[in-house]
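Trainee: Just so it is clear, I am handing over model_39.csv, which has CSV, C-alpha atoms and all ligand atoms.
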```
chain,number,residue,atom,x,y,z
A,1,MET,CA,-0.2,-19.1,26.4
A,2,ILE,CA,0.5,-16.0,24.4
A,3,GLY,CA,-1.2,-12.9,25.8
A,4,THR,CA,-4.1,-11.5,23.7
A,5,ALA,CA,-2.5,-8.2,22.7
A,6,THR,CA,0.8,-10.0,21.9
A,7,GLN,CA,-1.0,-12.6,19.8
A,8,ASN,CA,-2.8,-9.9,17.8
A,9,ALA,CA,0.5,-8.1,17.3
A,10,LEU,CA,2.2,-11.3,16.1
A,11,ASN,CA,-0.6,-12.0,13.6
A,12,ALA,CA,-0.3,-8.4,12.4
A,13,GLN,CA,3.5,-8.8,12.1
A,14,ILE,CA,3.1,-12.0,10.1
A,15,ASN,CA,0.9,-10.0,7.6
A,16,ALA,CA,3.5,-7.2,7.6
A,17,GLU,CA,6.3,-9.6,6.7
A,18,GLN,CA,4.2,-11.2,4.0
A,19,TYR,CA,3.4,-7.8,2.6
A,20,THR,CA,7.1,-6.9,2.7
A,21,SER,CA,7.9,-10.0,0.7
A,22,GLN,CA,5.3,-9.0,-1.9
A,23,LEU,CA,6.6,-5.4,-2.0
A,24,TYR,CA,10.2,-6.4,-2.6
A,25,LEU,CA,9.1,-8.9,-5.3
A,26,ALA,CA,7.2,-6.2,-7.1
A,27,MET,CA,10.2,-3.9,-6.8
A,28,SER,CA,12.5,-6.7,-8.1
A,29,ALA,CA,10.2,-7.3,-11.1
A,30,HIS,CA,10.2,-3.5,-11.9
A,31,LEU,CA,14.1,-3.3,-11.8
A,32,SER,CA,14.4,-6.5,-13.8
A,33,GLU,CA,12.2,-5.0,-16.5
A,34,LYS,CA,14.6,-2.0,-16.5
A,35,SER,CA,17.6,-4.5,-16.9
A,36,PHE,CA,19.0,-3.8,-13.5
A,37,LYS,CA,19.4,-7.5,-12.9
A,38,GLY,CA,21.7,-7.1,-9.9
A,39,PHE,CA,19.3,-4.8,-7.9
A,40,ALA,CA,16.5,-7.1,-9.0
A,41,HIS,CA,18.4,-10.1,-7.7
A,42,TRP,CA,19.1,-8.4,-4.4
A,43,LEU,CA,15.5,-7.6,-3.8
A,44,ARG,CA,14.3,-11.0,-4.9
A,45,VAL,CA,16.6,-12.6,-2.3
A,46,GLN,CA,15.3,-10.2,0.3
A,47,SER,CA,11.7,-11.0,-0.7
A,48,ALA,CA,12.4,-14.7,0.0
A,49,GLU,CA,13.9,-13.7,3.4
A,50,GLU,CA,10.8,-11.8,4.3
A,51,ALA,CA,8.7,-14.8,3.5
A,52,THR,CA,10.8,-16.9,5.9
A,53,HIS,CA,10.4,-14.2,8.6
A,54,ALA,CA,6.6,-14.6,8.3
A,55,LEU,CA,6.9,-18.4,8.5
A,56,LYS,CA,9.2,-18.2,11.5
A,57,LEU,CA,6.5,-16.2,13.3
A,58,VAL,CA,3.8,-18.6,12.1
A,59,ASP,CA,5.8,-21.5,13.6
A,60,PHE,CA,6.3,-19.6,16.8
A,61,VAL,CA,2.5,-18.9,17.2
A,62,LEU,CA,1.8,-22.6,16.5
A,63,ASP,CA,4.5,-23.8,18.9
A,64,ARG,CA,2.9,-21.7,21.7
A,65,TYR,CA,-0.6,-23.1,20.9
A,66,GLY,CA,-1.6,-19.5,19.9
A,67,LYS,CA,-4.4,-18.7,17.4
A,68,LEU,CA,-2.9,-18.1,14.0
A,69,GLU,CA,-5.0,-15.5,12.0
A,70,LEU,CA,-3.8,-15.1,8.5
A,71,ARG,CA,-5.0,-11.8,7.0
A,72,THR,CA,-5.5,-10.4,3.5
A,73,ILE,CA,-2.2,-9.2,2.1
A,74,ASN,CA,-2.6,-5.8,0.4
A,75,PRO,CA,-1.3,-5.6,-3.1
A,76,PRO,CA,2.0,-3.8,-3.5
A,77,PRO,CA,2.3,-0.7,-5.8
A,78,THR,CA,2.6,-1.5,-9.5
A,79,SER,CA,4.8,1.4,-10.5
A,80,PHE,CA,8.1,2.6,-9.2
A,81,ASN,CA,10.9,5.0,-10.0
A,82,GLY,CA,14.6,4.3,-10.4
A,83,PRO,CA,16.9,2.2,-8.1
A,84,THR,CA,17.7,5.1,-5.7
A,85,SER,CA,14.0,5.9,-5.0
A,86,ILE,CA,13.3,2.2,-4.6
A,87,PHE,CA,16.1,1.5,-2.1
A,88,GLU,CA,15.1,4.7,-0.2
A,89,MET,CA,11.6,3.2,0.0
A,90,VAL,CA,13.1,-0.1,1.2
A,91,LEU,CA,15.1,1.7,3.9
A,92,ALA,CA,12.0,3.6,5.1
A,93,HIS,CA,10.0,0.4,5.1
A,94,GLU,CA,12.6,-1.5,7.1
A,95,LYS,CA,12.6,1.4,9.7
A,96,GLU,CA,8.8,1.0,10.0
A,97,ASN,CA,9.3,-2.7,10.4
A,98,THR,CA,11.9,-2.2,13.1
A,99,ALA,CA,9.3,0.0,15.0
A,100,SER,CA,6.6,-2.7,14.5
A,101,ILE,CA,8.9,-5.4,15.9
A,102,SER,CA,9.7,-3.2,18.9
A,103,LYS,CA,6.0,-2.8,19.5
A,104,CYS,CA,5.6,-6.6,19.6
A,105,TYR,CA,8.5,-6.9,21.9
A,106,GLU,CA,7.2,-4.2,24.3
A,107,LEU,CA,3.7,-5.9,24.3
A,108,ALA,CA,5.2,-9.3,25.1
A,109,LYS,CA,7.3,-7.7,27.9
A,110,SER,CA,4.2,-5.9,29.3
A,111,GLU,CA,2.2,-9.1,29.3
A,112,GLY,CA,5.1,-11.0,31.0
A,113,ASP,CA,5.4,-13.3,28.0
A,114,HIS,CA,9.1,-14.1,28.3
A,115,ALA,CA,9.1,-16.8,25.6
A,116,THR,CA,7.8,-14.3,23.0
A,117,GLU,CA,10.2,-11.7,24.2
A,118,ILE,CA,13.1,-14.1,23.7
A,119,ALA,CA,11.9,-15.2,20.3
A,120,LEU,CA,11.5,-11.6,19.2
A,121,GLN,CA,15.1,-10.9,20.1
A,122,TRP,CA,16.2,-12.7,16.9
A,123,PHE,CA,14.0,-10.2,14.9
A,124,VAL,CA,15.4,-7.2,16.8
A,125,THR,CA,18.9,-8.2,15.9
A,126,GLU,CA,17.9,-9.1,12.3
A,127,GLN,CA,16.4,-5.6,11.9
A,128,VAL,CA,19.7,-4.0,12.9
A,129,GLN,CA,21.5,-6.0,10.1
A,130,GLU,CA,18.8,-5.3,7.5
A,131,GLU,CA,18.9,-1.6,8.1
A,132,ILE,CA,22.7,-1.6,7.8
A,133,ALA,CA,22.6,-3.5,4.5
A,134,VAL,CA,20.0,-1.3,2.9
A,135,ASN,CA,21.5,1.9,4.2
A,136,GLU,CA,24.8,0.9,2.5
A,137,VAL,CA,23.1,0.5,-0.9
A,138,VAL,CA,21.2,3.8,-0.4
A,139,ASP,CA,24.5,5.6,0.4
A,140,GLN,CA,26.2,4.1,-2.6
A,141,LEU,CA,23.4,5.0,-4.9
A,142,ARG,CA,23.2,8.6,-3.7
A,143,ALA,CA,27.0,8.9,-4.1
A,144,ILE,CA,27.2,7.6,-7.7
A,145,GLY,CA,23.8,8.9,-9.0
A,146,GLU,CA,21.9,7.2,-11.8
A,147,GLN,CA,23.4,8.7,-14.9
A,148,GLY,CA,27.0,7.4,-15.2
A,149,GLY,CA,28.4,3.9,-15.6
A,150,ALA,CA,29.0,3.4,-11.9
A,151,ILE,CA,25.4,2.4,-11.3
A,152,TRP,CA,26.0,-0.6,-13.6
A,153,TYR,CA,29.1,-1.6,-11.6
A,154,LEU,CA,27.0,-1.4,-8.4
A,155,ASP,CA,24.2,-3.4,-10.1
A,156,HIS,CA,26.9,-6.0,-11.1
A,157,ASN,CA,28.1,-6.2,-7.5
A,158,LEU,CA,24.6,-6.7,-6.0
A,159,ALA,CA,24.1,-9.6,-8.3
A,160,LYS,CA,26.6,-11.5,-6.1
A,161,ARG,CA,24.4,-11.6,-3.1
A,201,LIG,FE1,11.5,-9.1,7.9
A,201,LIG,FE2,13.1,-6.8,6.5
A,201,LIG,O1,12.1,-7.4,8.0
```
What does this structure look like when you write it as structure tokens?
Ligand code: FEO
Mentor:
Amino acid sequence: MIGTATQNALNAQINAEQYTSQLYLAMSAHLSEKSFKGFAHWLRVQSAEEATHALKLVDFVLDRYGKLELRTINPPPTSFNGPTSIFEMVLAHEKENTASISKCYELAKSEGDHATEIALQWFVTEQVQEEIAVNEVVDQLRAIGEQGGAIWYLDHNLAKR
């Protein structure tokens, strides 16, 4: 059985991953409207990944005979600024998510729930990779700025994801 606090945290994490998926899709749509098709593609792929993270947790709760509680997904913002601001938001959001996963991990540990602890190790590792990937884009955007042609080169490169 999953401990009560851990189960609540996992249900909240499912909601957080679903919200993240919506947020990145909204960002992707905004950038697509601005003709940044590569940045938009990158975020759309990430949005799909976030949805799979939610499902991975759903399956884990079900496999452990836990109580799945799907919650209302808050709507993401409808207006954004340019690519640099958006990717800075993504980085900040991923850092929050890393903290949230760590909280789940600590709860599982404190409740002696080794199965959840082990399952969450995948997410801990994934967060390291996600922060690296987003940080790289933020660094590149900050280095080139948004006025010259270099941003379109970066946009072209991100379309290859
Ligand atoms: Fe599912 Fe980007 O964390």
Trainee: With only C-alpha atoms and all ligand atoms as the atoms that count, which of A:Lys34, A:His53, A:Lys67, A:His41 lies nearest to ligand LIG 201 (chain A)?
Mentor: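 Using only C-alpha atoms and all ligand atoms, ligand LIG 201 (chain A) sits closest to A:His53.
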Trainee: Any residue with an atom at most 12 Å from ligand LIG 201 (chain A) counts, using all atoms listed in the file. Which are they? Put them as JSON, numbers by chain.
Mentor: {"A": [13, 14, 15, 16, 17, 18, 19, 20, 21, 22, 23, 24, 43, 45, 46, 47, 48, 49, 50, 51, 52, 53, 54, 55, 56, 57, 90, 91, 92, 93, 94, 95, 96, 97, 98, 99, 100, 101, 102, 120, 122, 123, 124, 125, 126, 127, 128, 129, 130, 131, 132, 133, 134]}
Trainee: Need the shell around range 157-160 of chain A: protein/DNA/RNA residues with any atom at most 9 Å away, counting all atoms listed in the file. Skip same-chain ones fewer than 3 positions apart. Format as a ChimeraX atom specification?
Mentor: /A:37-42,137,152-154
Trainee: Store the residues picked out above in a file with C-alpha atoms, as a PDB file, keeping the file's coordinate frame.
Mentor:
```pdb
ATOM      1  CA  LYS A  37      19.400  -7.500 -12.900  1.00  0.00           C
ATOM      2  CA  GLY A  38      21.700  -7.100  -9.900  1.00  0.00           C
ATOM      3  CA  PHE A  39      19.300  -4.800  -7.900  1.00  0.00           C
ATOM      4  CA  ALA A  40      16.500  -7.100  -9.000  1.00  0.00           C
ATOM      5  CA  HIS A  41      18.400 -10.100  -7.700  1.00  0.00           C
ATOM      6  CA  TRP A  42      19.100  -8.400  -4.400  1.00  0.00           C
ATOM      7  CA  VAL A 137      23.100   0.500  -0.900  1.00  0.00           C
ATOM      8  CA  TRP A 152      26.000  -0.600 -13.600  1.00  0.00           C
ATOM      9  CA  TYR A 153      29.100  -1.600 -11.600  1.00  0.00           C
ATOM     10  CA  LEU A 154      27.000  -1.400  -8.400  1.00  0.00           C
TER      11      LEU A 154
END
```
Trainee: Quick one: of A:Ile86, A:Arg64, A:Asn74, A:Ile2, who's nearest to Ser110 in chain A, counting only C-alpha atoms?
Mentor: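 Smallest separation from Ser110 in chain A among the options: A:Ile2.
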Trainee: Can you pull out every residue within 9 Å of Gln7 in chain A, counting all atoms listed in the file, but drop anything in the same chain fewer than 5 positions away, and send it as a list of chain:residue names?
Mentor: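 Once the nearby chain positions are removed, what remains is A:Ile2, A:Ala12, A:Val61, A:Gly66, A:Lys67, A:Leu68, A:Cys104, A:Ala108.
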Trainee: Between A:Thr116, A:Leu107, A:Leu31, A:Thr72, which residue has the minimum interatomic distance to Phe60 in chain A, considering only C-alpha atoms?
Mentor: A:Thr116
Trainee: Between CA of Gly145 in chain A and CA of Met89 in chain A, what is the distance in Å, rounded to a tenth?
Mentor: 16.2 Å
Trainee: What gap, in Å, lies between CA of Met1 in chain A and CA of Asp113 in chain A?
Mentor: 8.2 Å
Trainee: Is it possible to add N, CA and C atoms to range 128-142 of chain A and hand it back as a CSV table (one decimal), in the frame of the given file?
Mentor:
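Output file result01.csv follows:
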```
chain,number,residue,atom,x,y,z
A,128,VAL,N,18.5,-4.8,12.8
A,128,VAL,CA,19.7,-4.0,12.9
A,128,VAL,C,20.6,-4.3,11.6
A,129,GLN,N,20.7,-5.6,11.3
A,129,GLN,CA,21.5,-6.0,10.1
A,129,GLN,C,20.9,-5.5,8.8
A,130,GLU,N,19.5,-5.7,8.8
A,130,GLU,CA,18.8,-5.3,7.5
A,130,GLU,C,19.0,-3.8,7.3
A,131,GLU,N,18.8,-3.0,8.3
A,131,GLU,CA,18.9,-1.6,8.1
A,131,GLU,C,20.3,-1.2,7.6
A,132,ILE,N,21.3,-1.9,8.2
A,132,ILE,CA,22.7,-1.6,7.8
A,132,ILE,C,22.9,-1.9,6.3
A,133,ALA,N,22.4,-3.1,5.9
A,133,ALA,CA,22.6,-3.5,4.5
A,133,ALA,C,21.9,-2.6,3.5
A,134,VAL,N,20.7,-2.2,3.9
A,134,VAL,CA,20.0,-1.3,2.9
A,134,VAL,C,20.6,0.1,2.9
A,135,ASN,N,20.9,0.5,4.1
A,135,ASN,CA,21.5,1.9,4.2
A,135,ASN,C,22.8,2.0,3.3
A,136,GLU,N,23.5,0.9,3.3
A,136,GLU,CA,24.8,0.9,2.5
A,136,GLU,C,24.5,1.1,1.0
A,137,VAL,N,23.4,0.4,0.6
A,137,VAL,CA,23.1,0.5,-0.9
A,137,VAL,C,22.6,1.9,-1.2
A,138,VAL,N,21.8,2.4,-0.2
A,138,VAL,CA,21.2,3.8,-0.4
A,138,VAL,C,22.4,4.8,-0.5
A,139,ASP,N,23.3,4.7,0.4
A,139,ASP,CA,24.5,5.6,0.4
A,139,ASP,C,25.3,5.5,-0.9
A,140,GLN,N,25.5,4.3,-1.4
A,140,GLN,CA,26.2,4.1,-2.6
A,140,GLN,C,25.5,4.7,-3.8
A,141,LEU,N,24.2,4.4,-3.8
A,141,LEU,CA,23.4,5.0,-4.9
A,141,LEU,C,23.4,6.5,-4.9
A,142,ARG,N,23.2,7.1,-3.8
A,142,ARG,CA,23.2,8.6,-3.7
A,142,ARG,C,24.6,9.1,-4.1
```
